[in-house]
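run05.tsv follows (TSV, C-alpha atoms):
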chain	number	residue	atom	x	y	z
A	1	MET	CA	-4.74	-19.97	-12.62
A	2	LEU	CA	-1.26	-18.47	-12.33
A	3	SER	CA	-0.89	-16.51	-9.10
A	4	LEU	CA	1.87	-14.26	-7.82
A	5	CYS	CA	2.07	-14.13	-4.01
A	6	ILE	CA	4.03	-11.57	-2.03
A	7	ASP	CA	4.74	-11.23	1.69
A	8	THR	CA	6.76	-8.24	2.87
A	9	ALA	CA	5.00	-7.72	6.19
A	10	TYR	CA	7.71	-8.88	8.54
A	11	LYS	CA	11.24	-10.34	8.54
A	12	TYR	CA	11.03	-12.22	5.26
A	13	LEU	CA	10.64	-11.13	1.69
A	14	THR	CA	8.70	-13.85	-0.07
A	15	CYS	CA	7.62	-13.95	-3.71
A	16	VAL	CA	5.96	-17.10	-5.06
A	17	LEU	CA	4.47	-18.14	-8.37
A	18	ILE	CA	1.74	-20.75	-8.03
A	19	ASP	CA	0.23	-22.46	-11.06
A	20	ASP	CA	-3.04	-24.06	-10.00
A	21	ASP	CA	-1.93	-26.44	-7.23
A	22	LYS	CA	1.85	-26.28	-7.42
A	23	ILE	CA	4.65	-23.83	-6.74
A	24	ILE	CA	6.61	-23.19	-9.92
A	25	ALA	CA	9.07	-20.62	-8.54
A	26	SER	CA	9.79	-19.00	-5.20
A	27	TYR	CA	12.06	-16.59	-3.40
A	28	SER	CA	12.04	-16.34	0.40
A	29	ARG	CA	14.81	-14.71	2.37
A	30	GLU	CA	15.14	-12.83	5.61
A	31	CYS	CA	15.74	-9.16	4.84
A	32	PHE	CA	13.96	-7.25	7.58
A	33	LYS	CA	13.58	-3.56	6.74
A	34	LYS	CA	15.23	-4.08	3.36
A	35	GLN	CA	12.25	-5.48	1.44
A	36	SER	CA	11.83	-2.30	-0.60
A	37	GLU	CA	15.44	-2.57	-1.78
A	38	GLU	CA	15.13	-6.25	-2.71
A	39	VAL	CA	11.54	-6.82	-3.84
A	40	PHE	CA	12.00	-6.05	-7.54
A	41	ASN	CA	15.07	-8.28	-7.78
A	42	ALA	CA	13.08	-11.04	-6.05
A	43	LEU	CA	10.19	-10.62	-8.49
A	44	GLU	CA	12.57	-10.76	-11.44
A	45	GLU	CA	14.16	-13.90	-10.01
A	46	VAL	CA	10.87	-15.81	-9.67
A	47	PHE	CA	9.70	-14.89	-13.16
A	48	ASP	CA	13.09	-15.91	-14.56
A	49	GLN	CA	12.99	-19.22	-12.61
A	50	ALA	CA	9.56	-19.99	-14.04
A	51	GLY	CA	10.49	-18.79	-17.54
A	52	ILE	CA	7.25	-16.86	-17.93
A	53	SER	CA	6.24	-13.31	-18.72
A	54	ARG	CA	5.10	-11.00	-15.96
A	55	LYS	CA	1.97	-10.38	-18.01
A	56	SER	CA	0.99	-14.06	-17.68
A	57	ILE	CA	-0.33	-13.86	-14.13
A	58	ASP	CA	-4.06	-14.15	-13.50
A	59	ALA	CA	-4.02	-13.20	-9.82
A	60	ILE	CA	-1.90	-11.63	-7.11
A	61	CYS	CA	-2.19	-12.36	-3.38
A	62	VAL	CA	-0.52	-10.30	-0.66
A	63	SER	CA	-0.28	-10.60	3.09
A	64	GLU	CA	-2.21	-7.67	4.53
A	65	GLY	CA	-0.55	-7.48	7.93
A	66	PRO	CA	-0.27	-7.06	10.76
A	67	GLY	CA	3.42	-6.35	10.57
A	68	SER	CA	5.89	-3.64	9.73
A	69	TYR	CA	4.09	-0.47	8.66
A	70	THR	CA	6.38	0.05	5.67
A	71	GLY	CA	6.70	-3.67	4.94
A	72	VAL	CA	2.96	-4.21	4.58
A	73	ARG	CA	2.63	-1.19	2.30
A	74	ILE	CA	5.31	-2.48	-0.10
A	75	ALA	CA	3.33	-5.57	-1.12
A	76	MET	CA	0.04	-3.64	-1.09
A	77	THR	CA	1.39	-1.03	-3.49
A	78	ILE	CA	2.76	-3.67	-5.86
A	79	ALA	CA	-0.57	-5.54	-5.79
A	80	LYS	CA	-2.50	-2.37	-6.58
A	81	VAL	CA	-0.25	-1.42	-9.47
A	82	ILE	CA	-0.22	-4.92	-10.98
A	83	GLY	CA	-3.96	-5.36	-10.39
A	84	GLU	CA	-4.65	-2.12	-12.21
A	85	LEU	CA	-2.18	-2.52	-15.06
A	86	LEU	CA	-2.73	-6.12	-16.15
A	87	PRO	CA	-5.58	-6.29	-14.95
A	88	CYS	CA	-5.72	-9.38	-12.74
A	89	GLU	CA	-7.63	-10.55	-9.69
A	90	VAL	CA	-6.29	-9.33	-6.34
A	91	TYR	CA	-6.45	-11.33	-3.11
A	92	LYS	CA	-5.29	-10.76	0.46
A	93	ILE	CA	-4.62	-12.88	3.52
A	94	SER	CA	-3.77	-12.01	7.11
A	95	THR	CA	-0.05	-12.35	7.72
A	96	LEU	CA	-0.74	-14.33	10.90
A	97	ARG	CA	-3.16	-16.63	9.05
A	98	LEU	CA	-0.52	-17.13	6.36
A	99	TYR	CA	2.13	-18.08	8.92
A	100	ALA	CA	-0.29	-20.49	10.60
A	101	ALA	CA	-0.86	-22.15	7.20
A	102	ASN	CA	-3.10	-25.13	7.97
A	103	ARG	CA	-1.50	-26.13	11.27
A	104	ASN	CA	-3.70	-27.35	14.07
A	105	ASP	CA	-3.80	-25.71	17.50
A	106	CYS	CA	-1.25	-22.99	16.80
A	107	MET	CA	-0.71	-19.52	18.16
A	108	VAL	CA	1.06	-17.13	15.81
A	109	VAL	CA	3.02	-14.34	17.48
A	110	MET	CA	4.99	-11.52	15.85
A	111	ASP	CA	6.94	-8.84	17.66
A	112	ALA	CA	4.98	-5.57	17.71
A	113	ARG	CA	7.65	-3.83	19.81
A	114	ALA	CA	7.14	-2.10	23.17
A	115	ASN	CA	6.60	-5.48	24.90
A	116	ARG	CA	3.65	-6.25	22.63
A	117	VAL	CA	2.93	-8.87	20.01
A	118	TYR	CA	0.52	-9.40	17.19
A	119	CYS	CA	-1.24	-12.63	18.04
A	120	GLY	CA	-3.77	-14.94	16.39
A	121	ILE	CA	-4.85	-18.49	17.22
A	122	TYR	CA	-5.78	-20.99	14.52
A	123	ASP	CA	-6.85	-24.61	14.31
A	124	GLY	CA	-6.53	-25.70	10.69
A	125	ASP	CA	-8.93	-23.48	8.74
A	126	LEU	CA	-10.68	-22.28	11.91
A	127	VAL	CA	-9.93	-18.96	13.56
A	128	VAL	CA	-9.92	-19.60	17.32
A	129	MET	CA	-8.89	-16.02	18.20
A	130	ASP	CA	-8.91	-13.12	15.73
A	131	ASP	CA	-5.64	-11.30	15.14
A	132	LEU	CA	-4.97	-8.65	17.75
A	133	ALA	CA	-2.19	-6.66	19.39
A	134	MET	CA	-1.55	-7.49	23.04
A	135	GLU	CA	1.07	-7.25	25.74
A	136	ILE	CA	3.44	-10.20	25.97
A	137	LYS	CA	2.72	-10.59	29.69
A	138	ASP	CA	-0.96	-11.24	28.91
A	139	ILE	CA	-0.33	-14.24	26.66
A	140	ASP	CA	-1.34	-17.68	27.89
A	141	VAL	CA	0.43	-20.16	25.63
A	142	GLY	CA	-1.47	-23.16	26.99
A	143	ASP	CA	-0.99	-26.19	24.77
A	144	TYR	CA	-0.67	-24.22	21.54
A	145	LYS	CA	2.23	-24.72	19.16
A	146	ILE	CA	3.94	-21.35	18.78
A	147	VAL	CA	4.57	-20.07	15.24
A	148	GLY	CA	6.57	-16.93	14.55
A	149	ASP	CA	8.57	-15.18	17.27
A	150	GLY	CA	8.49	-17.97	19.84
A	151	SER	CA	11.62	-16.56	21.48
A	152	LEU	CA	9.45	-13.77	22.93
A	153	LEU	CA	7.66	-16.48	24.92
A	154	GLY	CA	10.66	-18.63	25.78
A	155	LYS	CA	10.09	-20.96	22.81
A	156	GLU	CA	11.81	-21.60	19.47
A	157	ASN	CA	11.24	-19.22	16.55
A	158	ASP	CA	9.34	-20.97	13.76
A	159	TYR	CA	8.28	-19.08	10.66
A	160	GLY	CA	7.54	-22.18	8.63
A	161	ASP	CA	7.86	-22.32	4.87
A	162	ILE	CA	6.09	-19.18	3.67
A	163	PRO	CA	5.92	-20.16	-0.04
A	164	VAL	CA	4.28	-23.46	0.93
A	165	ALA	CA	1.98	-21.57	3.31
A	166	PHE	CA	0.67	-19.44	0.43
A	167	LEU	CA	-0.22	-22.63	-1.43
A	168	ALA	CA	-1.72	-24.31	1.66
A	169	THR	CA	-3.96	-21.31	2.38
A	170	ARG	CA	-5.07	-20.65	-1.19
A	171	HIS	CA	-8.67	-21.58	-0.39
A	172	LEU	CA	-8.62	-18.90	2.36
A	173	TRP	CA	-7.45	-15.99	0.23
A	174	GLU	CA	-9.98	-13.16	0.29
A	175	LYS	CA	-10.79	-11.59	-3.07
A	176	VAL	CA	-10.55	-7.80	-3.20
A	177	ASP	CA	-13.24	-6.59	-5.57
A	178	ASP	CA	-12.19	-2.94	-5.53
A	179	ILE	CA	-8.42	-2.57	-5.15
A	180	SER	CA	-8.79	1.00	-3.94
A	181	TYR	CA	-10.07	-0.61	-0.72
A	182	LEU	CA	-7.01	-2.82	-0.30
A	183	VAL	CA	-5.55	-1.43	2.91
A	184	PRO	CA	-3.05	-2.77	5.44
A	185	LYS	CA	-4.25	-4.39	8.64
A	186	TYR	CA	-2.77	-2.19	11.38
A	187	LEU	CA	-3.66	-3.68	14.73
A	188	LYS	CA	-1.70	-1.13	16.72
A	189	GLU	CA	-4.52	1.30	16.01
A	190	SER	CA	-7.01	-0.97	17.72
A	191	GLU	CA	-8.45	-0.21	21.13
A	192	THR	CA	-6.75	-3.35	22.43
A	193	TYR	CA	-3.33	-1.84	21.77
A	194	TYR	CA	-3.92	1.15	24.02
A	195	ARG	CA	-5.23	-0.70	27.09

Take the structure I supplied and represent it as structure tokens, if you would.
Amino acid sequence: MLSLCIDTAYKYLTCVLIDDDKIIASYSRECFKKQSEEVFNALEEVFDQAGISRKSIDAICVSEGPGSYTGVRIAMTIAKVIGELLPCEVYKISTLRLYAANRNDCMVVMDARANRVYCGIYDGDLVVMDDLAMEIKDIDVGDYKIVGDGSLLGKENDYGDIPVAFLATRHLWEKVDDISYLVPKYLKESETYYR
């Protein structure tokens, strides 16, 4: 199965073509708040690298957030259009789950502004703590490896290799049966955010 994967939810713009169990082309660059300007060039670049037609894809997977409001919507819109036009299967994955990939004992944190972060805790395929928005001061790092914006917690930033993360999490992608229900995951709207 040939899959196109897109992450525009945060600092990076990532487009990846995966053919069964290998990456055949990828583009991943930091371009925070410029994904909408760059995404179509990135898509063209990965299809050119792979030497295949855009109509060849069987599936598309996008990160659903949390993340930048506009950023998340960019990939979602592309997935909906491609899913409708080709048609192809559409999948989604939490942005935090994607960044965790299959790492053990990791806490993924992303800046949510206003002294808050999006946070999720994972141990391999297991979800230890569901994604949520919380105040930085309430985070207990414990023995977890920090992925993402570690600098917010006095650690190193580590975003990993997002193209490889799409491949590593392929078995965790969630199929979207009706693409009209493909909606961004906005944790700021949760009750937790307003405490």

Can you list, as a PyMOL selection string, every protein, DNA or RNA residue that comes within 12 Å of Ile136 of chain A when you count all atoms listed in the file, leaving out same-chain residues fewer than 3 positions away? chain A and resi 109-119+132-133+139-141+149-154+193

Have a look at A:Ile179, A:Arg29, A:Ile121, A:Ile82 and name the one nearest to Gly142 of chain A; count all atoms listed in the file.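 Answer, going by the shortest atom-to-atom distance: A:Ile121.
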
Hey, can you pull every residue with an atom no more than 12 Å from (-6.6, -14.6, -5.9), using only C-alpha atoms, and send it as an MDAnalysis selection string? chainID A and resid 1:6 17:20 57:63 79 83 88:93 166:167 169:177

For Arg97 of chain A, find every residue with an atom within 9 Å (counting all atoms listed in the file), except residues of its own chain fewer than 2 positions away, and show them as a ChimeraX atom specification. /A:63,93-95,99-102,108,120-122,125,127,131,169,172

Interatomic distance between atom CA of Tyr27 of chain A and atom CA of Asn104 of chain A?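 It comes out at 25.9 Å.
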
Record the distance separating atom CA of Cys106 of chain A and atom CA of Lys155 of chain A, expressed in Å with one decimal.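 Spanning atom CA of Cys106 of chain A to atom CA of Lys155 of chain A is a straight-line distance of 13.0 Å.
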
Can you measure atom CA of Leu43 of chain A to atom CA of Ala25 of chain A for me? One decimal in Å is fine. 10.1 Å

Please, which residues are within 6 Å of (-1.9, -22.4, 20.9) by the file's coordinates, counting all atoms listed in the file, and could they come as a list of chain:residue names?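 Result, sorted by chain then residue number: A:Asp105, A:Cys106, A:Met107, A:Val141, A:Asp143, A:Tyr144, A:Lys145.
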
Hey, which of A:Asp21, A:Glu84, A:Asp138, A:Glu30 ends up closest to Ala9 of chain A? Count all atoms listed in the file.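 For Ala9 of chain A, the nearest of the candidates is A:Glu30.
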
Calculated over only C-alpha atoms, which of the candidates A:Leu86, A:Lys33, A:Met76, A:Thr70 has the smallest distance to Ser53 of chain A?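 Closest residue, counting only C-alpha atoms: A:Leu86.
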
Pick the closest to Lys55 of chain A from A:Leu85, A:Asp178, A:Lys34, A:Ser26: which is it, counting all atoms listed in the file?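 The answer is A:Leu85, which sits nearest to Lys55 of chain A.
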
Identify which of the residues A:Lys137, A:Arg73, A:Lys11, A:Arg54 lies closest to Lys185 of chain A, counting all atoms listed in the file when measuring atom-to-atom distances.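 Using all atoms listed in the file, the shortest distance to Lys185 of chain A belongs to A:Arg73.
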
Find, counting all atoms listed in the file, the residue in A:Val183, A:Ala75, A:Val147, A:Ile23 that gets nearest to Gln35 of chain A.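 Among the listed residues, A:Ala75 lies closest to Gln35 of chain A.
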
Could you work out an axis-aligned bounding box for all listed atoms of segment 8-22 of chain A, with 6 Å added on each of the six sides, and give its centre and edge lengths in Å to one decimal, as JSON?
{"center_x": 4.1, "center_y": -17.1, "center_z": -1.3, "size_x": 26.3, "size_y": 30.7, "size_z": 31.6}
